[in-house]
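Asker: Please read through the structure below; I'll follow up with questions.
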Amino acid sequence: MLLERGKELARAEQALRLAVAGDGSMMVVIGSPGAGKSALLRSVADAAAPHARVLRASGTLVEQDFTFGIAQQLFEPLVAGAPEALWAACFGGGASMVREMFFGGSWSIGSYQSLGQEAILQGLNSLLVNLSKDQALLIMVDDLQWADPLSLRWLAYLAKRLGGARVLVAGAWSEECAASDQMLLREIAASAARTLYPMPLSTGGVRQLIGEEFGEPCDPDFARACHQVSGGNPASLVAMLRGLRTAGFHPVASQAGELHDASQPLLRDRRMFCLSIQPAIVRELAQAMVVFGDLAEPELVSELAGLDSIDYKSATQTLDRLGLLAPGDSPLFVHQSVRHGIESAMSVNTRTLLHRRAAALLHNAGHPAEHVADQLLLVTSGYEPWEIDTLRAAAGTALERGRAREAVRYLRHALLHSPPDSEVRGRRLVDLAAAERGFDLASSVTHIAQAVPMLTSATERAAAALWIPPALAAGNPSLDALVQDTSRRLHDLGSAYAGGDLALRLEARTRYLRLQDPAQLGVAADRLWGFGADAPVSTGAGRELLAVLAYAAAVAGGVTAGEISVLGTRILEREAPRAGHAYTALPLLIPALVLADAAAPVAQWLDAARDQAQCQAPEGVTALVNAERSAVLRASGQLPQAKSAALSVLDNADPAWPEATTLAIWTLAMVALETRDVELGERVIQTSPENGDLRVLVAHRMVRGMLDTVRGDLPAALDRFLDSGKQLSRCGWTNTALYPWRVWAAAVSHRLGRTQLAAELAEEEHVFARAWGAPAACGRALRLRGMITPGPEGVDLLRRAVDTLRCSEDRIELSRALTLLGRRLAETGSGSAAEFSSEGRRIAQERGVSWAEGDEDSELNGPALRLVVSERGDLTKAEETVVAFVLQGWTNQQIADSLGVTRRAVEKSLTSTYRKLGVSGRAALIEELSAPNTGE
């Protein structure tokens, strides 16, 4: 049924009655697309069926050039089914001039020209009069705006000559559509006896239609919301309601608030159809708005669409009437679905052309480079020089704002139009690599490797090579060769660059790459002390070189722990804590200071670097900082925290960050040795980076030896520990502070009854420890000797070990020595035994560990440690936040959406939390933290 069309239908039926009585006329129905014009015509036809013959026709876009197409649609079906006797009557008199149009088969525009316009119009008029003699006629023509001009001319002619004829001509057209001839349409409207304008439905009409569509009463709020979205347009409303019904909506107040966003995509097809039939200026304005998006301004879009102020205003008003524009002064679409629909209908060539023109308009108007570049990203053909400069400028701005991914998009497009194998391309590859390094290190390094051969300047090559993190180059022969070759080329330039930042940084990188070469290690200490009082700690390049030299000299035993401690402190005083140190050779300073038993100053520095990394650095940088922290935590005896931090690194291992994995393995190997943790030892062995790092190889060997001791295979364990020493010695790594292989080998030898070998190994360890001078190493060596030496001499050695370790940062080693001393004194009945044992237990508890009470077999290298479950206070702020949501029953996806992170990030945080708290999963976490804390 028609809603709210009673007046229009009454006027139409009145015109029909007059026509049947012999007073014919023209009636037109004008309205916007979807206003119900066709439905109104169908209702008139239904009313006319008992009283008049109904002839129908409709204009179409594809038949606008078909001569007298409307006339042929009207009369051909009738003539085709009429008996021959009727033909003569129909085409008698003046109608005979158009008989060929329907029977001759050769009708064409040539026929029209030969007969003349007036003769054809008179003939068609006569045909109409002849047909109406026996029965009144209702001529219905829909979509007149698309009728061919000659048909429109005939209808305009006819409108003035219907008086006295039993004919009602009812035509309809959309006033906001592109028309074949606007002048003729206006002439028809002016000649019509009646003009009907179907108006949008009222809120009441919308409510009634909703009730019919849903089959249930409609809430007034829901009806008002539907009216606001559809504008009361019946076709739009029906399309929207059917989509809402399919989506499970109900016409109730509770769903009125969700209606706008849910209904916009449902109106897309209807809106796109309405737009497609608009004049060219309307479609071109819509396309210009799509191209500019949120940057759309009246001046810009009108210029891009080629419209003057009058056409722009007219086109904007049309878009507004169609319900496509959002409120406000800026030309913006009411919903993204409109933009997407228009964009999908545009051809590739059209989009490319418009985006290129839009970029030029924005550039000339002084818009920021990023705005111009965003348009250029959508251009598929070659760039002009100014466009490439704009892309690079936009990339620079994006990097300054911390938006590396945007910068990479700009630079990749600029690179697409660079000459192959040219120096220009090489430089752009370096720019691209610099931007990529923050989130895609593997691609960054690949692009540097491609760029360096294209650069002709040795200094440019050197600067490019420095973008490669040294730890990554150390495990890749081709990158290693590239850095070495670059360094040689710079060196060949002579003294002009000697001592400069490029030279010092390249020297640091090349020495980093040769840390497992005993010949290179042998001169590290000489190079280090060759600086004398002029050590280059004032520059970042100098500090990077000093860090490499300090580490090389430390593992080779060419310096003392005290000297490394002093140098490391000087470096840290001048090196601001920053996440970016991960890309340099500076990370080697951390293990150097750990070996020197001087890691305390590093802790605060690393905390600041971690805070920065968590805010803006990629996951690989954060992993390296966490690995560094794990080494420092282990060196101070905080084994549970060290284990947790190192395992979190391994859980998220990235091949592009081998140093993070190596440091984590080193830490976990030492924790496994301290605790005799078989499960942790197996985890260390299963992790094997493919970079051939000696620290990883020895870690595996040492841990396997520990596992052999736990399993009772002491001869195999001794072989593994001695082999570890040989591996280290072959590379010139004589400092056993890195891996105390002699300590373990001596303990196993002593258990096997090979006391002479045990004593020799213990004495060697003590000699090396004294030469190195770190309290932890010296105290451990004394503790070892005291442990395997019986009687008062052993007790005295243990006392000396305790005194030495009181100066050490390694509180666990001090606790172990105190515990051993207490037990030894207890055997002699000394009254001070309890004091030492109590102090040892207290220190262990402070560090979150305890000493296992076991038999002699479980205490091969002193008493065995047991880790205590970490307290909740060890969680980071991010982990605490995630835990709070979990305790509220939120899912991982809900937590991710609330925090604005990925679900993977939430899962990583929870994995770390489970490990820190020693729980098996989410259920155990909730049970653990929800339980009341009774205390004591």
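Chain identifiers are assigned as A, B, and so on, following the order in which chains appear in the structure tokens; residues are numbered from 1 within each chain, and ligands are numbered from 1 in order of appearance.
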So which residues of range 309-508 of chain A fall under alpha helix (DSSP H) by DSSP, listed as an MDAnalysis selection string?

Answerer: chainID A and resid 309:321 336:345 348:364 369:376 385:400 404:416 423:436 441:451 458:465 470:474 477:491 501:508

Asker: Need to verify the contact set: Pro658 in chain A, 9 Å, only C-alpha atoms, exclusion of same-chain residues closer than 3 positions in sequence. Can you return it as a list in words?

Answerer: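 In the requested form, the answer reads Ala471, Leu472, Gly475, Leu624, Ala653, Asp654, Pro655, Thr661, Thr662, Leu663, Pro689, Glu690 and Asn691 of chain A.
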
Asker: To one decimal place, how far is CA of Asp143 in chain A from CA of Trp173 in chain A in Å?

Answerer: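 CA of Trp173 in chain A lies 4.6 Å from CA of Asp143 in chain A.
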
Asker: At a cut-off of 9 Å, using only C-alpha atoms, what residues contact Gln727 in chain A? Leave out same-chain residues fewer than 5 positions from it and give the result as a list in words.

Answerer: Leu694, Leu697, Val698, Leu722, Gly732 and Trp733 of chain A

Asker: Restrict the selected residues to N, CA and C atoms and save them as a compact mmCIF listing (two decimals), in the first residue's frame.

Answerer:
# COMPACT_ATOMS: atom_id res chain seq x y z
N LEU A 694 80.70 -18.26 20.70
CA LEU A 694 81.41 -19.13 21.64
C LEU A 694 80.68 -19.21 22.97
N LEU A 697 78.08 -21.90 22.66
CA LEU A 697 78.68 -23.24 22.58
C LEU A 697 79.14 -23.72 23.95
N VAL A 698 79.81 -22.83 24.69
CA VAL A 698 80.31 -23.22 26.02
C VAL A 698 79.16 -23.36 27.00
N LEU A 722 86.13 -29.94 31.19
CA LEU A 722 87.49 -29.73 30.68
C LEU A 722 87.46 -29.30 29.22
N GLY A 732 91.34 -17.84 22.97
CA GLY A 732 92.03 -16.84 23.77
C GLY A 732 91.21 -16.29 24.91
N TRP A 733 90.10 -16.94 25.23
CA TRP A 733 89.24 -16.48 26.32
C TRP A 733 89.69 -17.17 27.61

Asker: Name all residues at most 12 Å from Leu332 in chain A (count only C-alpha atoms; drop same-chain ones fewer than 4 positions away) and give them as a list in words.

Answerer: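 Counting only C-alpha atoms, the residues come to Leu285, Ala286, Gln287, Ala288, Met289, Val290, Val291, Phe292, Gly293, Asp294, Leu295, Ala296, Glu297, Pro298, Val301, Thr316, Leu319, Asp320, Gly323, Leu324, Leu325, Ala326, Pro327, Gly328, Gln336, Val338 and Arg339 of chain A.
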
Asker: List as a list in words the protein and nucleic acid residues near Ala262 in chain A, meaning an atom at most 12 Å away when only C-alpha atoms are counted, but skip any in the same chain fewer than 6 places from it.

Answerer: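 Residues meeting the cut-off are Ala225, Cys226, Val229, Met240, Leu241, Gly243, Leu244, Arg245, Thr246, Ala247, Gly248, Phe249, Gln255, Ala256, Arg268, His335 and Ser337 of chain A.
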
Asker: Please identify all polymer residues within 10 Å of Arg634 in chain A, counting only C-alpha atoms, omitting same-chain residues fewer than 4 positions from it, and present them as a ChimeraX atom specification.

Answerer: /A:594,599,629-630,638-643,646,667-668,670-671,809-812

Asker: Quote the spacing between CA of Val28 in chain A and CA of Phe91 in chain A in Å to one decimal place.

Answerer: 27.7 Å

Asker: Quick one: pull the distance between CA of Ala280 in chain A and CA of Ala305 in chain A, Å, one decimal.

Answerer: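 Distance reported for this atom pair: 9.9 Å.
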
Asker: Give me the residues near range 42-57 of chain A as a compact mmCIF listing (two decimals) with N, CA, C and O atoms, in the first residue's frame, where near means some atom within 6 Å (using only C-alpha atoms) and where sequence neighbours in that chain fewer than 3 positions away do not count.

Answerer:
# COMPACT_ATOMS: atom_id res chain seq x y z
N ALA A 39 5.69 3.86 -7.81
CA ALA A 39 4.61 3.21 -7.06
C ALA A 39 3.30 3.97 -7.26
O ALA A 39 2.22 3.35 -7.37
N ILE A 70 10.28 5.75 -26.77
CA ILE A 70 9.11 5.68 -25.89
C ILE A 70 7.86 5.30 -26.70
O ILE A 70 7.05 4.45 -26.28
N GLN A 73 7.97 1.65 -27.48
CA GLN A 73 7.65 0.83 -26.31
C GLN A 73 6.14 0.81 -26.05
O GLN A 73 5.58 -0.22 -25.66
N LEU A 74 5.48 1.94 -26.27
CA LEU A 74 4.04 2.03 -25.98
C LEU A 74 3.20 1.22 -26.96
O LEU A 74 2.27 0.50 -26.56
N GLN A 135 -11.89 2.70 -26.54
CA GLN A 135 -11.61 2.57 -25.10
C GLN A 135 -10.62 3.65 -24.69
O GLN A 135 -9.67 3.95 -25.42
N ALA A 136 -10.86 4.21 -23.51
CA ALA A 136 -9.94 5.25 -23.02
C ALA A 136 -8.53 4.68 -22.83
O ALA A 136 -8.35 3.48 -22.57
N LEU A 137 -7.55 5.56 -22.97
CA LEU A 137 -6.15 5.14 -22.83
C LEU A 137 -5.50 5.81 -21.63
O LEU A 137 -5.69 7.01 -21.39
N LEU A 138 -4.69 5.02 -20.90
CA LEU A 138 -3.79 5.56 -19.89
C LEU A 138 -2.36 5.31 -20.37
O LEU A 138 -1.94 4.15 -20.46
N ILE A 139 -1.66 6.38 -20.72
CA ILE A 139 -0.28 6.28 -21.19
C ILE A 139 0.64 6.55 -19.99
O ILE A 139 0.64 7.67 -19.45
N MET A 140 1.39 5.56 -19.56
CA MET A 140 2.30 5.70 -18.42
C MET A 140 3.74 5.66 -18.91
O MET A 140 4.16 4.68 -19.53
N VAL A 141 4.51 6.73 -18.59
CA VAL A 141 5.92 6.80 -18.99
C VAL A 141 6.75 7.13 -17.74
O VAL A 141 6.66 8.24 -17.20

Asker: With only C-alpha atoms as the atoms that count, which of A:Glu387, A:Asp693, A:Glu907, A:Glu100 lies nearest to Ala474 in chain A?

Answerer: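 With only C-alpha atoms as the atom set, the closest residue is A:Asp693.
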
Asker: Pick the closest to Arg427 in chain A from A:Gln450, A:Ala759, A:Arg904, A:Tyr410: which is it, counting only C-alpha atoms?

Answerer: A:Gln450
